[in-house]
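Engineer: Hey, dropping input.txt in here, compact mmCIF, C-alpha atoms:
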# COMPACT_ATOMS: atom_id res chain seq x y z
CA MET B 5 -9.79 -5.01 11.54
CA GLY B 6 -10.23 -7.90 9.25
CA ILE B 7 -11.74 -10.06 6.60
CA GLY B 8 -13.77 -12.73 8.29
CA GLY B 9 -12.12 -11.83 11.59
CA LYS B 10 -8.58 -11.87 10.12
CA SER B 11 -6.16 -8.96 10.07
CA PHE B 12 -5.02 -8.03 6.59
CA PHE B 13 -2.68 -5.93 4.50
CA ALA B 14 -4.01 -4.25 1.38
CA TYR B 15 -2.73 -3.18 -2.00
CA ILE B 16 -5.03 -1.39 -4.41
CA GLY B 17 -4.05 -0.59 -7.98
CA ASN B 18 -3.13 -2.32 -11.20
CA ILE B 19 -1.67 -5.77 -10.68
CA GLU B 20 1.55 -5.53 -12.71
CA PRO B 21 5.33 -5.90 -12.27
CA ARG B 22 6.25 -2.22 -11.78
CA LYS B 23 4.00 -2.09 -8.74
CA ASN B 24 6.25 -4.69 -7.05
CA ILE B 25 3.43 -7.14 -6.39
CA LEU B 26 5.95 -10.02 -6.23
CA GLY B 27 7.79 -8.17 -3.45
CA ILE B 28 4.52 -7.68 -1.56
CA ILE B 29 3.70 -11.39 -1.86
CA LYS B 30 7.17 -12.45 -0.69
CA ALA B 31 7.06 -10.05 2.29
CA PHE B 32 3.55 -11.29 3.11
CA GLU B 33 4.85 -14.87 3.15
CA LEU B 34 7.70 -13.89 5.48
CA ILE B 35 5.39 -12.14 7.93
CA ASN B 36 3.00 -15.09 7.89
CA GLU B 37 5.90 -17.48 8.58
CA GLU B 38 6.62 -15.46 11.72
CA ASN B 39 2.96 -15.28 12.74
CA ASP B 40 1.51 -18.75 12.05
CA GLY B 41 -0.34 -17.65 8.89
CA ARG B 42 -2.66 -15.27 10.69
CA TYR B 43 -2.66 -12.47 8.10
CA TYR B 44 -4.50 -12.02 4.84
CA LEU B 45 -3.34 -10.04 1.82
CA VAL B 46 -5.88 -8.25 -0.36
CA LEU B 47 -4.61 -7.39 -3.84
CA ALA B 48 -7.43 -5.32 -5.32
CA GLY B 49 -7.37 -4.06 -8.87
CA LYS B 50 -7.43 -5.26 -12.41
CA MET B 51 -4.77 -7.53 -13.84
CA GLY B 52 -2.38 -5.46 -15.91
CA TRP B 53 0.38 -6.48 -18.27
CA ARG B 54 2.91 -9.29 -17.75
CA THR B 55 1.15 -10.89 -14.78
CA ARG B 56 2.14 -14.54 -15.35
CA SER B 57 4.88 -14.43 -12.66
CA ILE B 58 2.46 -12.79 -10.19
CA LYS B 59 -0.25 -15.40 -10.83
CA ASP B 60 2.36 -18.17 -10.47
CA ALA B 61 3.67 -16.71 -7.18
CA ILE B 62 0.14 -16.64 -5.77
CA ALA B 63 -0.64 -20.18 -6.96
CA GLU B 64 2.62 -21.50 -5.48
CA SER B 65 2.37 -19.61 -2.19
CA LYS B 66 2.01 -21.62 0.99
CA TYR B 67 -0.47 -18.89 2.01
CA ARG B 68 -2.45 -18.73 -1.25
CA GLU B 69 -5.69 -19.30 0.70
CA ASN B 70 -4.94 -16.05 2.54
CA ILE B 71 -4.45 -14.01 -0.64
CA VAL B 72 -7.64 -12.35 -1.84
CA LEU B 73 -7.98 -11.02 -5.40
CA PRO B 74 -11.33 -9.20 -5.55
CA GLY B 75 -10.54 -7.50 -8.88
CA TYR B 76 -11.79 -3.98 -9.45
CA ILE B 77 -13.56 -2.59 -6.37
CA SER B 78 -15.85 0.39 -5.78
CA GLU B 79 -14.71 3.62 -4.11
CA GLU B 80 -16.63 2.64 -0.98
CA GLU B 81 -14.92 -0.77 -0.87
CA LYS B 82 -11.54 0.88 -1.49
CA ASN B 83 -12.02 3.32 1.39
CA CYS B 84 -13.12 0.48 3.66
CA LEU B 85 -10.11 -1.69 2.76
CA MET B 86 -7.59 1.13 3.17
CA SER B 87 -8.97 2.25 6.52
CA GLN B 88 -9.35 -1.24 8.01
CA ALA B 89 -6.10 -2.79 6.81
CA VAL B 90 -3.16 -3.18 9.16
CA ALA B 91 -1.44 -1.15 6.44
CA PHE B 92 -1.79 -0.17 2.81
CA VAL B 93 1.34 -1.61 1.18
CA PHE B 94 2.62 0.36 -1.82
CA PRO B 95 6.33 -0.32 -2.47
CA SER B 96 6.10 0.54 -6.17
CA ASN B 97 9.28 0.37 -8.24
CA TYR B 98 8.22 3.46 -10.16
CA GLU B 99 5.38 5.93 -9.72
CA GLY B 100 4.56 9.07 -11.60
CA PHE B 101 2.92 10.57 -8.53
CA GLY B 102 1.44 8.14 -6.00
CA ILE B 103 -2.24 9.03 -5.75
CA PRO B 104 -3.08 5.74 -3.95
CA ILE B 105 -0.99 6.94 -0.98
CA ILE B 106 -3.07 10.11 -0.72
CA GLU B 107 -6.26 8.05 -1.01
CA ALA B 108 -5.13 5.75 1.79
CA PHE B 109 -4.21 8.69 4.03
CA SER B 110 -7.48 10.52 3.35
CA CYS B 111 -9.57 7.60 4.60
CA GLY B 112 -7.46 6.99 7.71
CA GLY B 113 -5.11 4.32 6.43
CA ILE B 114 -1.57 3.50 7.52
CA VAL B 115 0.85 3.49 4.55
CA ILE B 116 4.03 1.54 3.85
CA THR B 117 5.90 2.68 0.75
CA ALA B 118 9.41 2.91 -0.70
CA ARG B 119 11.89 5.76 -0.66
CA ASN B 120 12.06 6.08 -4.43
CA SER B 121 10.42 7.93 -7.27
CA SER B 122 7.86 10.51 -6.11
CA LEU B 123 6.71 8.43 -3.13
CA PRO B 124 8.58 10.28 -0.31
CA GLU B 125 7.18 13.61 -1.49
CA VAL B 126 3.65 12.23 -1.37
CA GLY B 127 4.06 10.25 1.86
CA GLY B 128 5.90 12.98 3.77
CA SER B 129 6.54 12.09 7.39
CA ALA B 130 3.24 10.22 7.68
CA ALA B 131 4.25 7.05 5.80
CA PHE B 132 6.42 4.15 6.87
CA TYR B 133 9.29 3.71 4.41
CA ILE B 134 11.52 0.97 3.17
CA SER B 135 14.86 2.02 1.70
CA GLU B 136 14.39 0.21 -1.63
CA ALA B 137 11.22 -1.09 -3.22
CA ASP B 138 12.74 -4.55 -3.80
CA ASN B 139 13.95 -5.04 -0.21
CA VAL B 140 11.56 -7.85 0.75
CA LYS B 141 13.01 -8.43 4.23
CA GLU B 142 12.75 -4.74 5.12
CA LEU B 143 9.19 -4.66 3.79
CA ALA B 144 8.25 -7.68 5.93
CA LYS B 145 9.90 -6.07 8.97
CA THR B 146 7.95 -2.85 8.38
CA MET B 147 4.71 -4.78 7.95
CA GLN B 148 5.43 -6.54 11.25
CA ARG B 149 6.09 -3.16 12.87
CA CYS B 150 2.66 -1.98 11.75
CA THR B 151 1.03 -5.00 13.43
CA GLN B 152 2.60 -3.91 16.71
CA LEU B 153 1.53 -0.26 16.77
CA SER B 154 -0.19 0.76 19.97
CA ASP B 155 -3.62 2.37 19.63
CA LYS B 156 -1.98 5.73 20.40
CA GLU B 157 0.74 5.28 17.75
CA ARG B 158 -1.83 4.15 15.20
CA SER B 159 -4.07 7.13 15.94
CA GLU B 160 -1.14 9.54 15.64
CA ARG B 161 -0.15 8.06 12.26
CA ILE B 162 -3.72 8.29 11.03
CA VAL B 163 -3.91 11.98 11.97
CA GLN B 164 -0.53 12.61 10.28
CA GLY B 165 -1.76 10.86 7.15
CA ILE B 166 -5.00 12.82 7.01
CA GLU B 167 -3.02 16.06 7.37
CA GLN B 168 -0.57 14.94 4.66
CA SER B 169 -3.45 14.18 2.29
CA LYS B 170 -4.73 17.76 2.65
CA ILE B 171 -1.58 19.06 0.97
CA PHE B 172 -2.61 17.36 -2.27
CA THR B 173 -6.11 18.53 -3.13
CA TRP B 174 -7.56 19.14 -6.58
CA LYS B 175 -8.12 22.78 -5.58
CA THR B 176 -4.41 23.20 -4.73
CA CYS B 177 -3.50 21.54 -8.02
CA ALA B 178 -5.77 23.90 -9.96
CA ILE B 179 -4.38 27.00 -8.22
CA LYS B 180 -0.77 25.96 -8.86
CA THR B 181 -1.53 25.04 -12.48
CA GLN B 182 -3.21 28.39 -13.03
CA ALA B 183 -0.18 30.19 -11.54
CA VAL B 184 2.17 28.36 -13.90
CA LEU B 185 -0.02 29.13 -16.92
CA GLU B 186 -0.29 32.80 -15.94
CA SER B 187 3.49 33.04 -15.60
CA LEU B 188 3.93 31.99 -19.24
Once you've parsed the file, please lay out its structure as structure tokens.

Structural biologist:
Amino acid sequence: MGIGGKSFFAYIGNIEPRKNILGIIKAFELINEENDGRYYLVLAGKMGWRTRSIKDAIAESKYRENIVLPGYISEEEKNCLMSQAVAFVFPSNYEGFGIPIIEAFSCGGIVITARNSSLPEVGGSAAFYISEADNVKELAKTMQRCTQLSDKERSERIVQGIEQSKIFTWKTCAIKTQAVLESL
């Protein structure tokens, strides 16, 4: 797993405050402090609104050379990142649904998310959770935990994630939508 032989954590989505990118960066710095700077962080996606504080945090980070901002990436690149990352980190402060979690699960990714908004419904028992999106220390601890998964534990989580992703298909959505419309 890695970028140039390095292990990495990934976030994919809009780069904006509500996605808790600052929390991800701070947790990434904490985990790198504990591990001699061995990890990379890939923040893939387009820059959204109010990103000055995020850009400043990256520029001021001791580990800025380990933070990769590829911008918008293709579906193939997204699947590759999510499946090869130590974990897909998605501790969003607010989410309408959480499709990136399903995407990560469907390609064999390990997911870390927060116990808020719609995220627990989407992640089910397959995701690793932090109690609050803004709990940087807990996020770093959970990221560290993911680096220490045995091959067996990792494989089990991947299978759980793939099964969880099957609950949320477009076909299921269409059937349930049709049922609601017919009931009206």

Engineer: B:Val93, B:Ala131, B:Leu153, B:Ala63: which is nearest B:Phe13, counting only C-alpha atoms?

Structural biologist: B:Val93

Engineer: Could you build a table of the residues in stretch 34-88 of chain B lying no more than 10 Å from stretch 140-145 of chain B, giving for each the nearest pair of atoms and their separation in Å rounded to one decimal place, using all atoms listed in the file, ordered by chain and ascending residue number, as CSV?

Structural biologist:
residue,atom,partner,partner_atom,distance
B:Leu34,CA,B:Ala144,CA,6.3
B:Ile35,CA,B:Ala144,CA,5.7
B:Asn36,CA,B:Ala144,CA,9.3
B:Glu38,CA,B:Ala144,CA,9.8

Engineer: Looking at B:Ile19, B:Ile103, B:Ala14, B:Ile162, which one is nearest to B:Gly75, with distances taken over only C-alpha atoms?

Structural biologist: B:Ile19

Engineer: Using only C-alpha atoms, which of B:Gly127, B:Pro21, B:Gly49, B:Gly102 sits nearest B:Ile114?

Structural biologist: B:Gly127

Engineer: Could you tell me how far atom CA of B:Gly41 lies from atom CA of B:Ala91, in Å and to one decimal?

Structural biologist: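 These two atoms are separated by 16.7 Å.
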
Engineer: Counting only C-alpha atoms, figure out which residue out of B:Ser57, B:Asn70, B:Asn39, B:Asn24 gets nearest to B:Pro95.

Structural biologist: B:Asn24

Engineer: Go through B:Leu26, B:Cys177, B:Ala130, B:Val90 and flag the residue nearest B:Arg149, using all atoms listed in the file for the distances.

Structural biologist: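 Distance minimum relative to B:Arg149 lands on B:Val90.
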